[in-house]
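Participant: So that we are looking at the same thing, I have put the structure below in structure tokens.
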Amino acid sequence: MFDFNFDWSKSMNAMKSLIKQSYSLGASIDGFVHTGAIDTDAYKEITGDKYEASESGTK
């Protein structure tokens, strides 16, 4: 009934692609790190900058 061996890598790559596109259009992607959608390594890969949590960031 359910495929518990689902390959999430395609879904994660699609989300990462959308985040890259958002960044290229000028959107801040800090919220994606705050929510765990991407990690700090992916943030650096996308932006070229090391991620630094803001003082006023959401938790």
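Chain identifiers are assigned as A, B, and so on, following the order in which chains appear in the structure tokens; residues are numbered from 1 within each chain, and ligands are numbered from 1 in order of appearance.
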What residues in chain A get the DSSP label alpha helix (DSSP H)? Please answer as a ChimeraX atom specification.
Facilitator: /A:9-24,30-35,40-47
Participant: Give me, as a compact mmCIF listing (two decimals) with N, CA, C and O atoms, in the first residue's frame, all polymer residues having an atom no more than 10 Å from A:Ala37, counting only C-alpha atoms and skipping those fewer than 4 positions away in the same chain.
Facilitator:
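And here is the file that came out, part-v4.txt:
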```
# COMPACT_ATOMS: atom_id res chain seq x y z
N MET A 12 13.96 16.62 -2.24
CA MET A 12 14.86 17.57 -1.60
C MET A 12 15.62 18.39 -2.65
O MET A 12 15.83 19.59 -2.48
N MET A 15 13.27 21.02 -3.98
CA MET A 15 13.11 22.12 -3.03
C MET A 15 14.35 23.01 -3.05
O MET A 15 14.25 24.23 -3.04
N LYS A 16 15.51 22.40 -3.08
CA LYS A 16 16.76 23.17 -3.11
C LYS A 16 16.82 24.02 -4.37
O LYS A 16 17.26 25.17 -4.33
N ILE A 19 14.68 27.01 -3.85
CA ILE A 19 15.35 27.96 -2.94
C ILE A 19 16.43 28.73 -3.69
O ILE A 19 16.56 29.94 -3.54
N ILE A 29 16.93 33.85 2.02
CA ILE A 29 16.69 32.42 2.25
C ILE A 29 17.02 32.01 3.68
O ILE A 29 17.05 30.82 3.99
N GLY A 31 15.19 32.11 6.27
CA GLY A 31 14.07 31.38 6.85
C GLY A 31 14.10 29.90 6.54
O GLY A 31 13.64 29.07 7.34
N PHE A 32 14.67 29.54 5.41
CA PHE A 32 14.77 28.12 5.06
C PHE A 32 15.75 27.40 5.98
O PHE A 32 15.59 26.23 6.26
N VAL A 33 16.78 28.12 6.45
CA VAL A 33 17.72 27.52 7.40
C VAL A 33 17.04 27.43 8.77
O VAL A 33 17.13 26.41 9.45
N ALA A 42 24.22 23.91 2.74
CA ALA A 42 23.45 24.24 1.53
C ALA A 42 23.33 25.75 1.37
O ALA A 42 23.41 26.28 0.27
```
Participant: What does the distance between atom CA of A:Asp39 and atom CA of A:Phe4 come to in Å, to one decimal place?
Facilitator: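 Result for atom CA of A:Asp39 versus atom CA of A:Phe4: 24.2 Å, one decimal.
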Participant: Just want the 8 Å neighbourhood of A:Lys50, counted on only C-alpha atoms, with same-chain residues fewer than 4 positions away dropped. Output as a VMD selection string.
Facilitator: chain A and resid 40 43 to 44
